[in-house]
Amino acid sequence: MASHPDVVRVRRARRRPVRRVRLVVALLSTAALLAVLVRVLLGDYVVALADLLPILRGETVPDAPGASFIVMEAKLPRAVIGALAGMAFGAAGAMFQTTLRNPLASPDIIGISLGASAAAVIALTVLDAQGIWLPAAALAGALAVSLLMYAVGRGTSLAGQRMVLVGIGIAALLGSVIQLVMTRTSIHDAQAALVWLTGSLARATWPVIGLLALSMLVLGPLLALCARRMRLAELGDDLSTTLGVPAGRARLGLVVAVALAAVATSATGPIAFVAFLSGPIARRLCGGRPSLWAAALVGAVVVVASDFAGDYLIPDVNLPVGVVTGALGVPLMIAVVIAAGRAGKA
């Protein structure tokens with residue numbers, strides 16, 4: 001039987017990683033709030049921090065009569081929708097990567113986001129869908145791709161790997177479908193679809209933000225409930241089943257993650273590499289432990305900061321947020337793949 005000092009040491013060893021995760025989440029929450037404030041207060045039109053609270057209350061600032069309109073109709077909507085979409089992409093990516101035990105298993109890599117994009121582009125250009133029908137089409141496309149991946153991968157010991165491979169193939173096919181649709185539609189519709197496909201916060205409006213926030217209020221708690229099953233799924237199908245959580249139940253969180261990624265994609269377009277990178281960055285910060293909260297906050301910081309950089313990094317050039325995250329994501333993706341390869345050899 002272990003002595004009392006040994007028991008104390010074991011308890012401290014168990015608590016240390018939890019304390020680190022909590023500290024990382026607190027620091028990332030602060031970073032996300034600062035990123036939102038920078039996006040709202042700075043830029044071509046600088047707003048004083050002391051004026052922000054009166055503006056949020058709907059009051060007119062005497063020294064800056066146009067500040068209220070600029071903040072409430074331009075700056076704040078972009079910051080809010082960027083933070084919400086980044087959190088959705090980050091959490092969905094972490095759920096996929098941990099549950100399927102593959103760093104490439106991300107909605108923007110294995111076809112989930114492209115499924116939503118293809119369905120939304122077809123609805124936009126062929127069916128002239130507007131309003132609620134556009135996110136509905138995106139959700140249907142993402143669910144269709146995920147069901148196809150699950151049908152191919154289920155029933156095997158390498159289901160996760162097969163789902164990733166099938167997803168990458170589906171992503172390539174859907175990319176061709178999108179290109180075909182773009183060549184067959186009018187220039188006006190193709191331009192609108194292209195802006196949407198790039199990933200942009202320029203279409204941020206309060207009704208869209210309301211729909212995204214409502215969806216996250218419903219899907220977020222469901223995803224949090226699946227967090228424990230997500231950690232057990234990381235141990236493998238056999239061991240997770242032994243511990244009382246069959247592999248099928250452990251992957252229920254993937255359904256919620258698909259819906260979360262689809263809703264975010266329908267609001268902002270497929271912002272490249274956010275879902276892919278948020279999980280590994282959060283895991284590194286948390287000392288190797290997966291954390292949905294940390295991954296979600298990393299996604300929020302990345303999207304809001306990238307949107308600010310896209311607007312003001314290059315003078316007189318406004319880049320969509322998807323262009324910035326795509327440029328940053330390629331070298332980081334190579335680094336993640338190399339690190340995963342080294343870990344596999346070890």
# chains A, B, ... in the order shown; residues from 1 in each chain; ligands from 1
call {"tool": "select_by_dssp", "arguments": {"residues": "range 74-266 of chain A", "states": "alpha helix (DSSP H)", "output": "PyMOL selection string"}}
result
chain A and resi 76-99+112-125+133-153+159-184+187-198+206-225+227-233+237-242+247-250+252-266
call {"tool": "residues_around", "arguments": {"residues": "Arg39 in chain A", "least_positions_apart": "4", "cutoff": "12 Å", "atoms": "only C-alpha atoms", "output": "VMD selection string"}}
result
chain A and resid 32 to 35 43 to 47 71 74 to 83 301 303 to 312
call {"tool": "residues_around", "arguments": {"residues": "Met95 in chain A", "least_positions_apart": "2", "cutoff": "8 Å", "atoms": "only C-alpha atoms", "output": "number ranges by chain"}}
result
A: 91-93, 97-99, 227, 230, 253-254, 257, 292
call {"tool": "write_last_selection", "arguments": {"atoms": "N, CA, C and O atoms", "output": "PDB file, in the first residue's frame"}}
result
ATOM      1  N   ALA A  91     -12.756  24.256 -32.347  1.00  0.00           N
ATOM      2  CA  ALA A  91     -13.304  23.149 -31.575  1.00  0.00           C
ATOM      3  C   ALA A  91     -13.623  21.949 -32.460  1.00  0.00           C
ATOM      4  O   ALA A  91     -13.359  20.790 -32.093  1.00  0.00           O
ATOM      5  N   ALA A  92     -14.183  22.199 -33.649  1.00  0.00           N
ATOM      6  CA  ALA A  92     -14.508  21.100 -34.561  1.00  0.00           C
ATOM      7  C   ALA A  92     -13.245  20.383 -35.013  1.00  0.00           C
ATOM      8  O   ALA A  92     -13.196  19.137 -35.064  1.00  0.00           O
ATOM      9  N   GLY A  93     -12.198  21.139 -35.336  1.00  0.00           N
ATOM     10  CA  GLY A  93     -10.954  20.507 -35.752  1.00  0.00           C
ATOM     11  C   GLY A  93     -10.336  19.664 -34.659  1.00  0.00           C
ATOM     12  O   GLY A  93      -9.850  18.550 -34.913  1.00  0.00           O
ATOM     13  N   GLN A  97      -9.532  15.603 -34.940  1.00  0.00           N
ATOM     14  CA  GLN A  97      -8.155  15.114 -34.837  1.00  0.00           C
ATOM     15  C   GLN A  97      -7.977  14.167 -33.665  1.00  0.00           C
ATOM     16  O   GLN A  97      -7.269  13.161 -33.779  1.00  0.00           O
ATOM     17  N   THR A  98      -8.608  14.470 -32.540  1.00  0.00           N
ATOM     18  CA  THR A  98      -8.440  13.623 -31.353  1.00  0.00           C
ATOM     19  C   THR A  98      -9.238  12.336 -31.473  1.00  0.00           C
ATOM     20  O   THR A  98      -8.739  11.254 -31.152  1.00  0.00           O
ATOM     21  N   THR A  99     -10.467  12.436 -31.941  1.00  0.00           N
ATOM     22  CA  THR A  99     -11.307  11.246 -32.035  1.00  0.00           C
ATOM     23  C   THR A  99     -10.783  10.264 -33.071  1.00  0.00           C
ATOM     24  O   THR A  99     -10.761   9.049 -32.840  1.00  0.00           O
ATOM     25  N   ALA A 227     -16.628  15.711 -24.798  1.00  0.00           N
ATOM     26  CA  ALA A 227     -15.187  15.879 -24.588  1.00  0.00           C
ATOM     27  C   ALA A 227     -14.582  14.669 -23.897  1.00  0.00           C
ATOM     28  O   ALA A 227     -13.482  14.214 -24.231  1.00  0.00           O
ATOM     29  N   MET A 230     -14.257  11.977 -26.280  1.00  0.00           N
ATOM     30  CA  MET A 230     -13.185  12.310 -27.207  1.00  0.00           C
ATOM     31  C   MET A 230     -11.839  11.840 -26.660  1.00  0.00           C
ATOM     32  O   MET A 230     -11.030  11.252 -27.375  1.00  0.00           O
ATOM     33  N   GLY A 253     -19.431  12.704 -31.058  1.00  0.00           N
ATOM     34  CA  GLY A 253     -19.011  14.095 -31.094  1.00  0.00           C
ATOM     35  C   GLY A 253     -18.665  14.567 -32.488  1.00  0.00           C
ATOM     36  O   GLY A 253     -18.727  15.782 -32.768  1.00  0.00           O
ATOM     37  N   LEU A 254     -18.322  13.644 -33.390  1.00  0.00           N
ATOM     38  CA  LEU A 254     -18.017  14.032 -34.760  1.00  0.00           C
ATOM     39  C   LEU A 254     -19.243  14.607 -35.460  1.00  0.00           C
ATOM     40  O   LEU A 254     -19.119  15.511 -36.290  1.00  0.00           O
ATOM     41  N   ALA A 257     -19.478  18.069 -34.322  1.00  0.00           N
ATOM     42  CA  ALA A 257     -18.386  18.845 -34.918  1.00  0.00           C
ATOM     43  C   ALA A 257     -18.673  19.156 -36.380  1.00  0.00           C
ATOM     44  O   ALA A 257     -18.352  20.255 -36.858  1.00  0.00           O
ATOM     45  N   LEU A 292     -10.734  21.159 -25.905  1.00  0.00           N
ATOM     46  CA  LEU A 292     -11.641  21.813 -26.840  1.00  0.00           C
ATOM     47  C   LEU A 292     -11.683  23.318 -26.602  1.00  0.00           C
ATOM     48  O   LEU A 292     -11.718  24.108 -27.551  1.00  0.00           O
TER      49      LEU A 292
END
call {"tool": "closest_residue", "arguments": {"among": "A:Ala275, A:Val40, A:Ala151, A:Leu313", "to": "Met87 in chain A", "atoms": "only C-alpha atoms"}}
result
A:Ala275
call {"tool": "closest_residue", "arguments": {"among": "A:Ile168, A:Ile122, A:Met72, A:Val256", "to": "Ala105 in chain A", "atoms": "only C-alpha atoms"}}
result
A:Ile168
call {"tool": "closest_residue", "arguments": {"among": "A:Gly220, A:Pro280, A:Gly210, A:Gly175", "to": "Ser106 in chain A", "atoms": "only C-alpha atoms"}}
result
A:Pro280
call {"tool": "closest_residue", "arguments": {"among": "A:Val263, A:Leu165, A:Ile338, A:Ile170", "to": "Leu214 in chain A", "atoms": "only C-alpha atoms"}}
result
A:Val263
call {"tool": "closest_residue", "arguments": {"among": "A:Pro135, A:Gly326, A:Pro107, A:Gly269", "to": "Ser215 in chain A", "atoms": "only C-alpha atoms"}}
result
A:Pro135
call {"tool": "closest_residue", "arguments": {"among": "A:Pro103, A:Leu134, A:Ile110, A:Met216", "to": "Ala335 in chain A", "atoms": "only C-alpha atoms"}}
result
A:Pro103
call {"tool": "atom_distance", "arguments": {"atom1": "CA of Val164 in chain A", "atom2": "CA of Leu104 in chain A"}}
result
7.2 Å
call {"tool": "closest_atom_pairs", "arguments": {"of": "range 265-297 of chain A", "to": "range 24-31 of chain A", "cutoff": "7 Å", "atoms": "only C-alpha atoms", "output": "tab-separated table"}}
result
residue	atom	partner	partner_atom	distance
A:Leu285	CA	A:Val24	CA	6.8
A:Cys286	CA	A:Val24	CA	6.5
A:Trp293	CA	A:Val25	CA	6.7
A:Ala294	CA	A:Val25	CA	5.3
A:Leu297	CA	A:Leu28	CA	5.9
call {"tool": "residues_around", "arguments": {"residues": "Gln191 in chain A", "least_positions_apart": "6", "cutoff": "10 Å", "atoms": "only C-alpha atoms", "output": "JSON, numbers by chain"}}
result
{"A": [182, 185, 197]}
call {"tool": "write_last_selection", "arguments": {"atoms": "N, CA and C atoms", "output": "short mmCIF file (atom, residue, chain, number, x, y, z; two decimals), in the first residue's frame"}}
result
data_model
loop_
_atom_site.label_atom_id
_atom_site.label_comp_id
_atom_site.auth_asym_id
_atom_site.auth_seq_id
_atom_site.Cartn_x
_atom_site.Cartn_y
_atom_site.Cartn_z
N MET A 182 -18.58 26.87 -61.25
CA MET A 182 -18.13 28.26 -61.46
C MET A 182 -17.99 28.59 -62.94
N THR A 185 -21.69 29.19 -64.60
CA THR A 185 -22.61 30.20 -64.09
C THR A 185 -22.26 31.57 -64.63
N LEU A 197 -16.13 31.58 -51.26
CA LEU A 197 -15.23 30.44 -51.17
C LEU A 197 -13.88 30.81 -50.57
#
call {"tool": "residues_around", "arguments": {"residues": "Trp196 in chain A", "least_positions_apart": "5", "cutoff": "10 Å", "atoms": "only C-alpha atoms", "output": "list in words"}}
result
Ser117, Ala120, Val121, Ala190, Gln191, Leu201, Ala202, Arg203, Thr265, Ser266, Ala267, Thr268, Gly269, Pro270, Ile271, Pro320 and Gly322 of chain A
call {"tool": "write_last_selection", "arguments": {"atoms": "all heavy atoms", "output": "CSV table (one decimal), in the first residue's frame"}}
result
chain,number,residue,atom,x,y,z
A,117,SER,N,-19.1,23.9,-48.7
A,117,SER,CA,-18.9,24.9,-49.7
A,117,SER,C,-19.5,24.5,-51.1
A,117,SER,O,-20.2,25.4,-51.7
A,117,SER,CB,-17.4,25.1,-50.0
A,117,SER,OG,-16.7,25.5,-48.8
A,120,ALA,N,-23.3,24.9,-50.8
A,120,ALA,CA,-23.6,26.4,-50.8
A,120,ALA,C,-23.5,27.0,-52.1
A,120,ALA,O,-24.3,27.9,-52.5
A,120,ALA,CB,-22.8,27.1,-49.7
A,121,VAL,N,-22.4,26.7,-52.8
A,121,VAL,CA,-22.1,27.3,-54.1
A,121,VAL,C,-23.2,26.9,-55.1
A,121,VAL,O,-23.7,27.7,-55.9
A,121,VAL,CB,-20.7,26.9,-54.6
A,121,VAL,CG1,-20.6,27.3,-56.1
A,121,VAL,CG2,-19.7,27.7,-53.8
A,190,ALA,N,-20.6,34.0,-60.2
A,190,ALA,CA,-19.3,33.4,-60.0
A,190,ALA,C,-18.5,34.3,-59.0
A,190,ALA,O,-17.7,33.8,-58.2
A,190,ALA,CB,-18.6,33.2,-61.3
A,191,GLN,N,-18.6,35.6,-59.2
A,191,GLN,CA,-17.9,36.5,-58.4
A,191,GLN,C,-18.3,36.4,-56.9
A,191,GLN,O,-17.5,36.4,-56.0
A,191,GLN,CB,-18.0,37.9,-58.9
A,191,GLN,CG,-17.1,39.0,-58.1
A,191,GLN,CD,-17.3,40.3,-58.7
A,191,GLN,OE1,-18.1,40.6,-59.5
A,191,GLN,NE2,-16.4,41.2,-58.4
A,201,LEU,N,-14.9,37.9,-43.9
A,201,LEU,CA,-15.7,38.4,-42.8
A,201,LEU,C,-16.5,39.6,-43.3
A,201,LEU,O,-17.1,40.3,-42.6
A,201,LEU,CB,-15.0,38.7,-41.6
A,201,LEU,CG,-14.1,37.6,-41.0
A,201,LEU,CD1,-13.5,38.1,-39.7
A,201,LEU,CD2,-14.9,36.3,-40.8
A,202,ALA,N,-16.3,40.0,-44.6
A,202,ALA,CA,-16.9,41.2,-45.1
A,202,ALA,C,-18.4,41.2,-45.1
A,202,ALA,O,-19.0,42.3,-45.1
A,202,ALA,CB,-16.4,41.4,-46.6
A,203,ARG,N,-19.0,40.0,-45.2
A,203,ARG,CA,-20.5,39.9,-45.2
A,203,ARG,C,-21.1,39.9,-43.8
A,203,ARG,O,-22.2,39.5,-43.6
A,203,ARG,CB,-20.9,38.7,-46.0
A,203,ARG,CG,-20.5,38.8,-47.4
A,203,ARG,CD,-21.1,37.6,-48.2
A,203,ARG,NE,-20.6,36.3,-47.7
A,203,ARG,CZ,-21.4,35.4,-47.0
A,203,ARG,NH1,-22.6,35.7,-46.8
A,203,ARG,NH2,-20.9,34.3,-46.6
A,265,THR,N,-18.9,27.6,-41.6
A,265,THR,CA,-18.6,27.8,-43.0
A,265,THR,C,-19.7,28.6,-43.7
A,265,THR,O,-19.4,29.4,-44.6
A,265,THR,CB,-18.4,26.4,-43.7
A,265,THR,OG1,-17.3,25.7,-43.0
A,265,THR,CG2,-18.0,26.6,-45.1
A,266,SER,N,-20.9,28.3,-43.4
A,266,SER,CA,-22.0,29.0,-44.0
A,266,SER,C,-22.0,30.5,-43.7
A,266,SER,O,-22.6,31.3,-44.4
A,266,SER,CB,-23.4,28.4,-43.6
A,266,SER,OG,-23.6,28.6,-42.2
A,267,ALA,N,-21.4,30.9,-42.6
A,267,ALA,CA,-21.4,32.3,-42.2
A,267,ALA,C,-20.3,33.0,-42.7
A,267,ALA,O,-20.4,34.2,-43.1
A,267,ALA,CB,-21.4,32.4,-40.6
A,268,THR,N,-19.1,32.4,-42.9
A,268,THR,CA,-17.9,33.1,-43.3
A,268,THR,C,-17.2,32.5,-44.5
A,268,THR,O,-16.3,33.1,-45.1
A,268,THR,CB,-16.9,33.1,-42.2
A,268,THR,OG1,-16.4,31.7,-41.9
A,268,THR,CG2,-17.4,33.7,-40.9
A,269,GLY,N,-17.7,31.4,-45.0
A,269,GLY,CA,-17.0,30.7,-46.0
A,269,GLY,C,-15.9,29.8,-45.4
A,269,GLY,O,-15.6,29.9,-44.2
A,270,PRO,N,-15.2,28.9,-46.2
A,270,PRO,CA,-14.2,28.0,-45.6
A,270,PRO,C,-12.9,28.7,-45.4
A,270,PRO,O,-12.0,28.8,-46.2
A,270,PRO,CB,-14.1,27.0,-46.7
A,270,PRO,CG,-14.4,27.7,-48.0
A,270,PRO,CD,-15.4,28.7,-47.6
A,271,ILE,N,-12.7,29.2,-44.1
A,271,ILE,CA,-11.5,29.9,-43.8
A,271,ILE,C,-10.4,28.9,-43.6
A,271,ILE,O,-10.4,28.0,-42.8
A,271,ILE,CB,-11.6,30.7,-42.5
A,271,ILE,CG1,-12.8,31.7,-42.7
A,271,ILE,CG2,-10.3,31.4,-42.1
A,271,ILE,CD1,-13.0,32.6,-41.4
A,320,PRO,N,-8.8,39.1,-48.0
A,320,PRO,CA,-9.8,38.3,-47.2
A,320,PRO,C,-9.0,37.5,-46.1
A,320,PRO,O,-7.9,37.1,-46.3
A,320,PRO,CB,-10.4,37.4,-48.2
A,320,PRO,CG,-10.2,38.1,-49.5
A,320,PRO,CD,-8.9,38.8,-49.4
A,322,GLY,N,-9.3,34.5,-45.3
A,322,GLY,CA,-8.9,33.1,-45.8
A,322,GLY,C,-7.6,33.1,-46.5
A,322,GLY,O,-6.9,32.2,-46.5
call {"tool": "atom_distance", "arguments": {"atom1": "CA of Ala262 in chain A", "atom2": "CA of Ala138 in chain A"}}
result
5.9 Å
